[in-house]
$ cat work.txt   # compact mmCIF, C-alpha atoms
# COMPACT_ATOMS: atom_id res chain seq x y z
CA MET A 3 -11.88 -1.40 6.00
CA ALA A 4 -13.61 -1.76 9.35
CA GLY A 5 -13.43 1.26 11.61
CA ARG A 6 -10.91 -0.18 14.05
CA ILE A 7 -7.30 0.69 13.35
CA ASP A 8 -4.76 -2.03 14.06
CA GLU A 9 -1.24 -2.95 13.01
CA ILE A 10 -2.47 -5.16 10.14
CA SER A 11 -4.73 -2.49 8.64
CA ILE A 12 -2.00 0.13 9.10
CA SER A 13 0.48 -2.08 7.32
CA GLY A 14 -1.98 -2.37 4.41
CA ILE A 15 -2.44 1.42 4.24
CA LEU A 16 1.31 2.01 4.35
CA GLU A 17 1.77 -0.35 1.38
CA MET A 18 -0.88 1.39 -0.75
CA PRO A 19 0.06 4.16 -3.23
CA LYS A 20 -0.73 7.52 -1.65
CA HIS A 21 -0.18 11.08 -2.73
CA ILE A 22 -0.80 14.69 -1.80
CA LYS A 23 -1.70 16.64 -4.91
CA ASP A 24 -1.61 20.17 -3.48
CA ASP A 25 1.15 22.39 -2.10
CA ILE A 26 1.75 22.31 1.65
CA THR A 27 1.35 25.79 3.09
CA TRP A 28 1.46 27.01 6.66
CA VAL A 29 -1.05 29.21 8.45
CA HIS A 30 -0.82 30.85 11.87
CA ARG A 31 -2.96 28.87 14.28
CA GLN A 32 -2.07 30.40 17.65
CA LYS A 33 0.28 33.11 18.88
CA ASP A 34 3.26 30.78 19.15
CA TRP A 35 2.70 28.23 16.42
CA LEU A 36 1.67 27.56 12.84
CA GLU A 37 0.00 24.58 11.24
CA PHE A 38 -0.69 22.92 7.92
CA ARG A 39 -3.24 20.30 6.93
CA ALA A 40 -3.12 18.27 3.73
CA ARG A 41 -5.46 15.69 2.31
CA ILE A 42 -3.86 12.40 1.26
CA GLU A 43 -5.36 10.74 -1.82
CA CYS A 44 -5.61 6.96 -1.57
CA ASN A 45 -7.95 4.23 -2.72
CA THR A 46 -9.37 3.49 0.73
CA ASP A 47 -12.54 4.36 2.63
CA CYS A 48 -10.44 5.69 5.51
CA ILE A 49 -9.80 9.41 5.88
CA LEU A 50 -6.09 10.11 5.51
CA ARG A 51 -4.48 13.40 6.49
CA LEU A 52 -1.03 14.84 6.93
CA VAL A 53 -0.85 17.59 9.52
CA GLY A 54 2.09 19.58 10.79
CA SER A 55 2.76 22.22 13.42
CA TYR A 56 5.70 24.47 14.20
CA ASN A 57 6.35 26.36 17.44
CA HIS A 58 8.63 29.20 16.38
CA ARG A 59 9.39 30.25 19.95
CA LEU A 60 10.78 26.80 20.79
CA ASP A 61 11.90 25.77 17.30
CA ALA A 62 9.93 22.56 17.82
CA TYR A 63 7.81 20.89 15.16
CA SER A 64 5.69 17.81 14.51
CA TYR A 65 4.40 15.97 11.48
CA SER A 66 1.54 13.46 11.78
CA PHE A 67 0.12 10.85 9.43
CA LEU A 68 -3.50 10.39 10.54
CA VAL A 69 -5.86 7.59 9.61
CA ASN A 70 -9.47 8.22 10.66
CA GLY A 71 -8.13 10.79 13.10
CA GLN A 72 -5.60 8.40 14.71
CA ARG A 73 -1.91 9.28 14.62
CA ILE A 74 -0.40 6.14 13.14
CA ARG A 75 3.01 7.72 12.45
CA GLY A 76 4.46 10.93 13.81
CA LEU A 77 7.73 12.84 13.83
CA ASP A 78 8.44 15.11 16.79
CA VAL A 79 11.42 17.43 16.84
CA GLY A 80 12.19 19.29 20.07
CA LYS A 81 10.28 17.03 22.46
CA ASP A 82 11.38 14.29 24.86
CA HIS A 83 9.32 11.11 25.02
CA HIS A 84 8.79 8.28 27.49
CA ASN A 85 7.57 4.91 26.23
CA PRO A 86 4.95 2.82 28.07
CA THR A 87 7.66 0.13 28.14
CA CYS A 88 9.75 2.62 30.14
CA GLU A 89 12.51 3.68 27.70
CA ASP A 90 13.30 7.37 27.42
CA VAL A 91 13.48 8.58 23.83
CA GLY A 92 14.96 11.97 23.03
CA SER A 93 14.49 14.33 20.12
CA PRO A 94 13.91 13.83 17.25
CA HIS A 95 11.73 10.77 17.58
CA ILE A 96 9.22 8.85 15.49
CA ASN A 97 5.92 7.79 17.01
CA TYR A 98 4.40 4.59 15.69
CA TRP A 99 1.21 2.66 16.34
CA THR A 100 1.22 -0.66 18.14
CA ASP A 101 -1.90 -2.61 19.09
CA PRO A 102 -1.08 -2.81 22.82
CA HIS A 103 -0.01 0.83 23.21
CA GLU A 104 -1.76 2.53 20.25
CA ALA A 105 -0.02 5.85 19.38
CA LYS A 106 2.22 5.95 22.45
CA MET A 107 5.40 4.19 21.32
CA ALA A 108 8.37 6.07 19.88
CA ARG A 109 11.88 5.37 18.64
CA GLU A 110 14.78 7.60 17.74
CA ALA A 111 14.49 9.16 14.28
CA ASP A 112 18.01 8.20 13.24
CA ASP A 113 16.84 7.33 9.70
CA ILE A 114 15.50 10.85 9.01
CA ASP A 115 17.59 13.95 8.38
CA CYS A 116 16.04 16.52 10.70
CA SER A 117 18.61 19.25 10.04
CA SER A 118 15.87 21.25 8.32
CA MET A 119 12.09 21.11 8.24
CA ALA A 120 12.19 20.41 4.50
CA SER A 121 14.56 17.43 4.79
CA ALA A 122 12.57 16.15 7.78
CA ILE A 123 9.27 16.13 5.89
CA GLU A 124 10.94 14.51 2.91
CA GLY A 125 12.15 11.70 5.17
CA PHE A 126 8.82 11.43 6.97
CA LEU A 127 6.83 11.20 3.72
CA LYS A 128 9.23 8.52 2.50
CA LEU A 129 8.75 6.59 5.76
CA CYS A 130 4.95 6.76 5.30
CA ARG A 131 5.22 6.07 1.56
CA ILE A 132 3.39 9.22 0.56
CA ASP A 133 4.26 11.08 -2.65
CA LEU A 134 4.02 14.85 -2.57
CA ASN A 135 3.04 16.20 -5.99
CA GLY A 136 2.88 19.79 -4.78
CA VAL A 137 5.54 21.86 -3.07
CA PHE A 138 6.44 21.97 0.63
CA ARG A 139 6.74 25.59 1.66
CA THR A 140 8.89 26.30 4.70
CA PRO A 141 7.10 28.53 7.22
CA VAL A 142 7.77 32.21 6.92
CA LEU A 143 7.73 34.26 10.09
CA GLN A 144 8.09 38.04 10.25
CA GLY A 145 9.73 38.14 6.85
CA ARG A 146 12.23 35.48 7.87
CA LEU A 147 12.52 32.09 6.19
CA LEU A 148 12.83 29.38 8.81
CA MET B 15 2.66 2.06 59.72
CA ASN B 16 6.38 1.42 59.61
CA ILE B 17 7.39 4.35 57.46
CA ARG B 18 8.52 7.41 59.38
CA CYS B 19 7.63 10.84 58.16
CA GLU B 20 11.29 11.88 57.70
CA ALA B 21 11.99 8.78 55.61
CA ALA B 22 8.97 9.35 53.38
CA LEU B 23 9.97 12.97 52.92
CA ALA B 24 13.54 12.00 52.00
CA ILE B 25 12.31 9.50 49.40
CA LEU B 26 9.87 11.94 47.86
CA THR B 27 12.32 14.83 47.63
CA ALA B 28 15.07 12.57 46.23
CA ASN B 29 12.71 11.55 43.41
CA SER B 30 12.41 14.88 41.69
CA LEU B 31 9.37 15.76 39.60
CA VAL B 32 11.69 17.39 37.12
CA LYS B 33 13.94 15.75 34.53
CA ARG B 34 16.00 18.82 33.68
CA CYS B 35 16.00 22.59 33.71
CA GLU B 36 17.78 24.88 31.25
CA ALA B 37 17.81 28.52 30.24
CA LEU B 38 15.84 29.47 27.12
CA GLY B 39 16.28 33.18 26.41
CA ASP B 40 14.70 35.01 29.33
CA ALA B 41 12.78 31.90 30.40
CA LEU B 42 13.64 28.70 32.24
CA ARG B 43 12.66 25.57 30.39
CA ILE B 44 11.69 22.83 32.85
CA VAL B 45 11.12 19.32 31.49
CA THR B 46 8.99 17.30 33.93
CA TRP B 47 8.64 13.55 34.26
CA PHE B 48 4.88 13.85 33.66
CA GLU B 49 3.54 12.75 30.29
CA HIS B 50 0.93 13.81 27.77
CA PRO B 51 -1.33 10.90 26.66
CA GLY B 52 0.88 10.33 23.60
CA GLY B 53 3.96 9.85 25.80
CA ASP B 54 5.73 13.19 25.23
CA LEU B 55 7.04 14.72 28.44
CA ILE B 56 5.25 17.81 29.71
CA GLU B 57 7.43 20.91 29.67
CA MET B 58 6.85 24.20 31.40
CA PHE B 59 8.48 27.56 30.96
CA LEU B 60 9.05 29.90 33.87
CA VAL B 61 8.95 33.56 32.85
CA GLU B 62 8.60 36.92 34.54
CA LYS B 63 6.10 39.32 32.98
CA GLU B 64 5.71 42.80 34.46
CA GLY B 65 6.98 41.62 37.83
CA GLN B 66 4.67 38.58 37.91
CA LEU B 67 6.13 35.05 37.80
CA LEU B 68 4.29 32.86 35.31
CA ILE B 69 4.41 29.24 34.29
CA THR B 70 3.47 28.91 30.61
CA ASP B 71 3.39 26.13 28.05
CA TYR B 72 4.12 28.45 25.09
CA GLY B 73 1.21 26.80 23.27
CA GLU B 74 2.64 23.26 23.42
CA THR B 75 -0.46 21.59 24.92
CA LEU B 76 -2.74 22.73 22.11
CA ARG B 77 0.00 22.00 19.57
CA MET B 78 0.33 18.44 20.91
CA LEU B 79 -3.45 18.00 20.63
CA HIS B 80 -3.28 19.33 17.06
CA ALA B 81 -0.71 16.62 16.21
CA HIS B 82 -3.47 14.14 17.11
CA ASP B 83 -6.02 16.13 15.07
CA PHE B 84 -7.87 17.23 18.18
CA ASP B 85 -9.20 20.73 18.75
CA PRO B 86 -10.83 21.40 22.14
CA SER B 87 -12.70 24.37 20.67
CA SER B 88 -14.37 22.28 17.97
CA SER B 89 -17.54 21.77 20.02
CA PRO B 90 -19.17 23.80 22.81
CA THR B 91 -19.07 20.80 25.16
CA ARG B 92 -15.36 20.18 24.65
CA ALA B 93 -14.59 23.89 25.01
CA SER B 94 -16.58 24.05 28.22
CA ILE B 95 -14.80 20.99 29.72
CA PHE B 96 -11.43 22.37 28.65
CA GLU B 97 -12.10 25.73 30.32
CA HIS B 98 -13.48 24.04 33.43
CA ILE B 99 -10.29 21.95 33.83
CA LEU B 100 -8.09 25.01 33.55
CA ARG B 101 -10.21 27.05 35.95
CA THR B 102 -10.26 24.24 38.53
CA HIS B 103 -6.46 24.29 38.65
CA LYS B 104 -6.22 28.09 38.69
CA THR B 105 -4.73 28.24 35.23
CA GLU B 106 -5.99 30.04 32.16
CA VAL B 107 -5.55 30.01 28.41
CA ARG B 108 -4.49 33.16 26.58
CA GLU B 109 -4.13 33.14 22.79
CA GLY B 110 -3.67 29.38 22.85
CA THR B 111 -1.13 29.42 25.70
CA ILE B 112 -1.85 27.84 29.09
CA GLU B 113 -0.56 29.95 31.96
CA ALA B 114 -0.42 29.69 35.76
CA LYS B 115 0.49 32.65 37.95
CA ILE B 116 2.71 31.89 40.94
CA ASP B 117 3.40 33.93 44.07
CA GLY B 118 7.19 33.93 44.09
CA VAL B 119 9.76 31.14 43.92
CA GLU B 120 8.46 29.52 47.11
CA ASP B 121 5.18 28.84 45.24
CA LEU B 122 7.00 27.15 42.35
CA ALA B 123 6.36 23.53 43.39
CA ASN B 124 2.69 24.26 44.02
CA GLY B 125 2.44 26.07 40.68
CA LEU B 126 4.15 23.18 38.89
CA LEU B 127 1.62 20.72 40.25
CA ARG B 128 -1.36 22.93 39.33
CA TYR B 129 0.03 23.46 35.86
CA VAL B 130 0.86 19.78 35.31
CA GLN B 131 -2.57 18.67 36.53
CA ALA B 132 -4.26 21.18 34.24
CA THR B 133 -2.26 20.26 31.13
CA MET B 134 -2.53 16.51 31.79
CA LYS B 135 -6.28 16.62 32.28
CA ALA B 136 -6.76 18.95 29.31
CA SER B 137 -4.69 16.73 27.04
CA GLU B 138 -6.53 13.63 28.27
CA LEU B 139 -9.61 14.96 26.48
CA LEU B 140 -7.89 13.34 23.54
CA THR B 141 -8.48 9.88 24.95
CA HIS B 142 -12.22 10.54 25.25
CA THR B 143 -12.70 11.09 21.53
CA ARG B 144 -13.84 8.34 19.25
CA PRO B 145 -12.02 7.58 16.01
CA ARG B 146 -13.87 8.92 13.02
CA VAL B 147 -15.33 5.77 11.56
CA PRO B 148 -18.41 5.41 9.39
CA SER B 149 -21.54 5.34 11.57
CA MET B 150 -24.13 2.58 11.36
CA PHE B 151 -26.41 4.98 9.52
CA GLU B 152 -23.73 5.74 6.94
CA LYS B 153 -23.28 2.01 6.42
CA GLU B 154 -27.02 1.62 5.87
CA VAL B 155 -26.97 4.45 3.33
CA ALA B 156 -24.04 2.81 1.52
CA GLU B 157 -25.91 -0.53 1.47
CA TYR B 158 -29.02 1.14 0.06
CA LEU B 159 -26.99 2.83 -2.71
CA ASP B 160 -25.23 -0.48 -3.44
CA GLN B 161 -28.57 -2.32 -3.68
CA HIS B 162 -29.72 0.20 -6.29
CA GLU B 163 -26.41 0.04 -8.15
CA ALA B 164 -25.92 3.76 -7.73
CA MET B 165 -22.58 5.26 -8.76
CA TYR B 166 -21.23 6.99 -5.70
CA GLU B 167 -18.18 7.88 -3.66
CA SER B 168 -18.09 7.99 0.11
CA LYS B 169 -16.23 10.48 2.35
CA VAL B 170 -15.85 13.08 -0.36
CA VAL B 171 -13.82 16.16 0.41
CA VAL B 172 -15.58 19.32 -0.80
CA GLU B 173 -14.13 22.79 -0.67
CA GLY B 174 -16.17 25.56 0.85
CA LYS B 175 -15.42 29.26 0.71
CA ILE B 176 -13.70 29.17 4.12
CA GLU B 177 -12.68 25.57 4.71
CA GLU B 178 -13.01 22.05 3.31
CA TYR B 179 -15.50 19.44 4.45
CA THR B 180 -15.78 15.67 4.30
CA VAL B 181 -19.30 14.97 3.05
CA GLY B 182 -20.81 11.50 3.52
CA PHE B 183 -21.56 10.63 -0.11
CA ALA B 184 -21.42 12.01 -3.64
CA LEU B 185 -23.84 10.44 -6.08
CA ARG B 186 -23.03 10.59 -9.76
CA ASN B 187 -26.43 10.59 -11.45
CA GLY B 188 -26.18 13.40 -13.97
CA ARG B 189 -25.74 16.45 -11.78
CA ARG B 190 -23.67 15.47 -8.75
CA THR B 191 -25.62 15.02 -5.52
CA LEU B 192 -23.84 15.55 -2.22
CA ILE B 193 -25.49 13.66 0.67
CA GLU B 194 -24.78 14.29 4.33
CA PRO B 195 -26.31 11.60 6.61
CA LEU B 196 -27.52 12.89 9.98
CA SER B 197 -28.31 10.43 12.74
CA THR B 198 -28.51 10.62 16.51
CA SER B 199 -30.77 9.58 19.37
CA SER B 200 -30.27 12.85 21.27
CA SER B 201 -32.47 15.86 20.49
CA GLN B 202 -29.80 18.19 21.86
CA TYR B 203 -27.15 16.71 19.59
CA ALA B 204 -29.65 16.71 16.71
CA ASP B 205 -29.77 20.51 16.94
CA GLN B 206 -25.98 20.64 16.76
CA LEU B 207 -25.90 18.29 13.77
CA VAL B 208 -28.47 20.39 11.91
CA LEU B 209 -26.63 23.64 12.61
CA ARG B 210 -23.33 22.09 11.58
CA ALA B 211 -24.86 20.82 8.33
CA PHE B 212 -26.43 24.24 7.73
CA ALA B 213 -23.04 25.94 8.15
CA MET B 214 -21.34 23.38 5.90
CA TRP B 215 -23.87 23.74 3.05
CA TYR B 216 -23.79 27.54 3.43
CA ASP B 217 -20.01 27.58 3.06
CA ILE B 218 -20.03 25.11 0.15
CA ARG B 219 -22.68 27.16 -1.66
CA HIS B 220 -20.59 30.29 -1.26
CA ALA B 221 -17.67 28.59 -2.98
CA TRP B 222 -19.75 27.95 -6.11
CA GLU B 223 -18.99 30.09 -9.11
CA SER B 224 -22.42 29.40 -10.64
CA VAL B 225 -25.78 28.82 -9.01
CA ASP B 226 -26.98 25.27 -8.30
CA LYS B 227 -23.74 23.56 -9.17
CA GLU B 228 -24.68 20.44 -7.21
CA ARG B 229 -27.73 19.06 -5.48
CA LEU B 230 -27.23 19.18 -1.74
CA VAL B 231 -29.11 16.71 0.45
CA SER B 232 -29.33 16.43 4.23
CA LEU B 233 -30.44 12.84 4.86
CA LEU B 234 -32.18 12.43 8.22
CA ASP B 235 -32.43 9.21 10.16
CA ASP B 236 -36.08 9.81 11.10
CA ARG B 237 -36.42 6.56 13.06
CA ASN B 238 -35.46 8.66 16.07
CA ASN B 239 -37.97 11.41 16.78
CA VAL B 240 -35.35 14.01 17.68
CA TRP B 241 -35.54 16.51 14.82
CA ARG B 242 -37.19 19.86 15.51
CA LEU B 243 -39.30 21.27 12.71
CA HIS B 244 -38.06 24.85 12.93
CA ARG B 245 -34.45 23.65 12.74
CA LEU B 246 -35.25 21.53 9.69
CA GLN B 247 -36.95 24.51 8.04
CA LEU B 248 -33.70 26.41 8.52
CA LEU B 249 -31.71 23.54 7.03
CA SER B 250 -34.08 23.32 4.05
CA GLU B 251 -32.98 26.84 3.04
CA MET B 252 -29.54 25.42 2.24
CA SER B 253 -30.26 21.83 1.13
CA ASP B 254 -32.98 19.35 0.31
CA VAL B 255 -33.98 17.62 3.52
CA VAL B 256 -34.80 13.97 2.85
CA LYS B 257 -36.03 11.57 5.52
CA TRP B 258 -34.76 8.01 5.53
CA VAL B 259 -38.33 6.79 5.06
CA ASP B 260 -38.38 8.72 1.75
CA ARG B 261 -34.93 7.56 0.66
CA GLU B 262 -36.02 6.76 -2.89
CA LEU B 263 -35.92 10.55 -3.39
CA LEU B 264 -32.14 10.30 -3.27
CA LEU B 265 -32.15 8.51 -6.59
CA ALA B 266 -34.83 10.69 -8.20

$ encode --input "work.txt" --output "structure tokens"
Amino acid sequence: MAGRIDEISISGILEMPKHIKDDITWVHRQKDWLEFRARIECNTDCILRLVGSYNHRLDAYSYSFLVNGQRIRGLDVGKDHHNPTCEDVGSPHINYWTDPHEAKMAREADDIDCSSMASAIEGFLKLCRIDLNGVFRTPVLQGRLL
Amino acid sequence: MNIRCEAALAILTANSLVKRCEALGDALRIVTWFEHPGGDLIEMFLVEKEGQLLITDYGETLRMLHAHDFDPSSSPTRASIFEHILRTHKTEVREGTIEAKIDGVEDLANGLLRYVQATMKASELLTHTRPRVPSMFEKEVAEYLDQHEAMYESKVVVEGKIEEYTVGFALRNGRRTLIEPLSTSSSQYADQLVLRAFAMWYDIRHAWESVDKERLVSLLDDRNNVWRLHRLQLLSEMSDVVKWVDRELLLA
């Protein structure tokens, strides 16, 4: 695929079979938040990644599906959003790529159960059509399961 | 001008900079109408620490950048720009958290503007990055391998001892050969590329359980005279260094 990401190429990538073979595990990145990074296997010359972050002080988290470093789909819990087309979108919301606005558009995540981080990632992976062969491990903080 | 000062002031104060404010433990969470480049609203948290009022982001700016796979500390230039932005607006970063000190409640509006300017400009570094797409040189390498019907994979993820790397190519000709193409027209950036490749090969070698598991090749685009000999000698301690003019050595 050519380097430029657009809605047509994204649609093609979303249709393709994709999977993460390893477990998803969290590591402390900064004082207030943790992260994970996972490689997505797919028959494409693009680099696909799933990354996540969790701010334990704010109980806010994000999952991102990245293609060549561009966030083509995202789930943000605990953040308000404002679209370039001027609608306010609350939390949780799903970011999606459009050619005019790139990664800046969002809609309400009413099709994803965000009552827990595990159910949220399950819904997000389904939305992106990514199979997880490994296990999603919920972040553990100070001996407490979140 | 037809607008009177009192009227302008009334309009500006009626249009608040803040969407809402709520208590969050010992802090005040203030959601502003200002946006990060991705469209999320910038929040700030007002806390008191040892008698000093502070505005903090609780790490949310760097976390937002992470969601877009962007790390300001990933290169010295980015780190320097990031620090310069924060310093200019009298803010600082501590353990990944951006903070602005304020001199009492009367300084709150001023502090909000400094903080918002700092976080907006810092997060706009995101818009100055290029998507990671194959370079022209990588395309030329792929074409050369195709012409010679070599069996290869591109953008191969290889685990090092500390982290994983995406290496340009993996050739399957008996023992696997990992090839990292290096190309630039800047001698300063050439030094960075060489040092980055050195660190990558060093880490990959340290993940090997046996010696010489794979052949490692740094492939230089030598059409630009930017490569310094002493740097290449360093690189040759970790990998074969092959110039593009000698590219048949890749298939040897």

$ closest_atom_pairs --input "work.txt" --of "chain B" --to "chain A" --cutoff "10 Å" --atoms "only C-alpha atoms" --output "Markdown table"
| residue | atom | partner | partner_atom | distance |
| --- | --- | --- | --- | --- |
| B:Leu38 | CA | A:Leu60 | CA | 8.5 |
| B:Gly39 | CA | A:Arg59 | CA | 9.9 |
| B:Arg43 | CA | A:Leu60 | CA | 9.9 |
| B:Val45 | CA | A:Asp82 | CA | 8.3 |
| B:Thr46 | CA | A:Asp82 | CA | 9.9 |
| B:Trp47 | CA | A:His84 | CA | 8.6 |
| B:Phe48 | CA | A:His84 | CA | 9.2 |
| B:Glu49 | CA | A:His84 | CA | 7.4 |
| B:His50 | CA | A:His83 | CA | 9.2 |
| B:Pro51 | CA | A:Lys106 | CA | 7.4 |
| B:Gly52 | CA | A:Lys106 | CA | 4.7 |
| B:Gly53 | CA | A:His84 | CA | 5.4 |
| B:Asp54 | CA | A:His83 | CA | 4.2 |
| B:Leu55 | CA | A:His83 | CA | 5.5 |
| B:Ile56 | CA | A:Asp82 | CA | 8.6 |
| B:Glu57 | CA | A:Lys81 | CA | 8.7 |
| B:Tyr72 | CA | A:Asp34 | CA | 6.4 |
| B:Gly73 | CA | A:Asp34 | CA | 6.1 |
| B:Glu74 | CA | A:Asn57 | CA | 7.7 |
| B:Leu76 | CA | A:Gln32 | CA | 8.9 |
| B:Arg77 | CA | A:Ser55 | CA | 6.7 |
| B:Met78 | CA | A:Ser64 | CA | 8.4 |
| B:His80 | CA | A:Ser55 | CA | 7.6 |
| B:Ala81 | CA | A:Ser66 | CA | 5.9 |
| B:His82 | CA | A:Arg73 | CA | 5.7 |
| B:Asp83 | CA | A:Gly71 | CA | 6.1 |
| B:Phe84 | CA | A:Gly71 | CA | 8.2 |
| B:Arg108 | CA | A:Lys33 | CA | 9.1 |
| B:Glu109 | CA | A:Lys33 | CA | 5.9 |
| B:Gly110 | CA | A:Gln32 | CA | 5.5 |
| B:Thr111 | CA | A:Lys33 | CA | 7.9 |
| B:Thr143 | CA | A:Gly71 | CA | 9.6 |
| B:Arg144 | CA | A:Gly71 | CA | 8.7 |
| B:Pro145 | CA | A:Gly71 | CA | 5.8 |
| B:Arg146 | CA | A:Asn70 | CA | 5.0 |
| B:Val147 | CA | A:Gly5 | CA | 4.9 |
| B:Pro148 | CA | A:Gly5 | CA | 6.9 |
| B:Ser149 | CA | A:Gly5 | CA | 9.1 |
| B:Glu167 | CA | A:Asp47 | CA | 9.2 |
| B:Ser168 | CA | A:Asp47 | CA | 7.1 |
| B:Lys169 | CA | A:Asp47 | CA | 7.2 |
| B:Val170 | CA | A:Ile49 | CA | 9.4 |
| B:Val171 | CA | A:Arg41 | CA | 8.6 |
| B:Glu178 | CA | A:Arg41 | CA | 9.9 |
| B:Thr180 | CA | A:Ile49 | CA | 8.8 |

$ closest_residue --input "work.txt" --among "A:Ile132, A:Trp99, A:Thr140, A:Ile114" --to "Ser11 in chain A" --atoms "only C-alpha atoms"
A:Trp99

$ atom_distance --input "work.txt" --atom1 "CA of Leu185 in chain B" --atom2 "CA of His220 in chain B"
20.7 Å

$ residues_near_point --input "work.txt" --point "(12.1, 20.3, 1.6)" --cutoff "9 Å" --atoms "only C-alpha atoms" --output "mmCIF file with C-alpha atoms, in the coordinates of the input"
data_model
loop_
_atom_site.group_PDB
_atom_site.id
_atom_site.type_symbol
_atom_site.label_atom_id
_atom_site.label_comp_id
_atom_site.auth_asym_id
_atom_site.auth_seq_id
_atom_site.Cartn_x
_atom_site.Cartn_y
_atom_site.Cartn_z
ATOM 1 C CA SER A 118 15.870 21.250 8.320
ATOM 2 C CA MET A 119 12.090 21.110 8.240
ATOM 3 C CA ALA A 120 12.190 20.410 4.500
ATOM 4 C CA SER A 121 14.560 17.430 4.790
ATOM 5 C CA ALA A 122 12.570 16.150 7.780
ATOM 6 C CA ILE A 123 9.270 16.130 5.890
ATOM 7 C CA GLU A 124 10.940 14.510 2.910
ATOM 8 C CA VAL A 137 5.540 21.860 -3.070
ATOM 9 C CA PHE A 138 6.440 21.970 0.630
ATOM 10 C CA ARG A 139 6.740 25.590 1.660
ATOM 11 C CA THR A 140 8.890 26.300 4.700
#

$ residues_around --input "work.txt" --residues "Leu42 in chain B" --least-positions-apart "4" --cutoff "12 Å" --atoms "only C-alpha atoms" --output "JSON, numbers by chain"
{"A": [60], "B": [34, 35, 36, 37, 38, 57, 58, 59, 60, 61, 62, 67, 68, 69, 70, 71, 72]}

$ atom_distance --input "work.txt" --atom1 "CA of Val79 in chain A" --atom2 "CA of Lys33 in chain B"
17.9 Å

$ residues_around --input "work.txt" --residues "Tyr216 in chain B" --least-positions-apart "6" --cutoff "12 Å" --atoms "all atoms listed in the file" --output "CSV table (one decimal) with C-alpha atoms, in the frame of the given file"
chain,number,residue,atom,x,y,z
B,173,GLU,CA,-14.1,22.8,-0.7
B,174,GLY,CA,-16.2,25.6,0.8
B,175,LYS,CA,-15.4,29.3,0.7
B,176,ILE,CA,-13.7,29.2,4.1
B,177,GLU,CA,-12.7,25.6,4.7
B,179,TYR,CA,-15.5,19.4,4.4
B,209,LEU,CA,-26.6,23.6,12.6
B,210,ARG,CA,-23.3,22.1,11.6
B,222,TRP,CA,-19.8,28.0,-6.1
B,230,LEU,CA,-27.2,19.2,-1.7
B,248,LEU,CA,-33.7,26.4,8.5
B,249,LEU,CA,-31.7,23.5,7.0
B,250,SER,CA,-34.1,23.3,4.0
B,251,GLU,CA,-33.0,26.8,3.0
B,252,MET,CA,-29.5,25.4,2.2
B,253,SER,CA,-30.3,21.8,1.1

$ atom_distance --input "work.txt" --atom1 "CA of Ser137 in chain B" --atom2 "CA of Ile99 in chain B"
10.2 Å

$ residues_near_point --input "work.txt" --point "(-4.3, 33.5, 35.7)" --cutoff "12 Å" --atoms "all atoms listed in the file" --output "PyMOL selection string"
chain B and resi 66-70+100-108+111-117+125+128-129

$ closest_residue --input "work.txt" --among "B:Val172, B:Asp235, B:Leu243, B:Leu139" --to "Arg190 in chain B" --atoms "all atoms listed in the file"
B:Val172
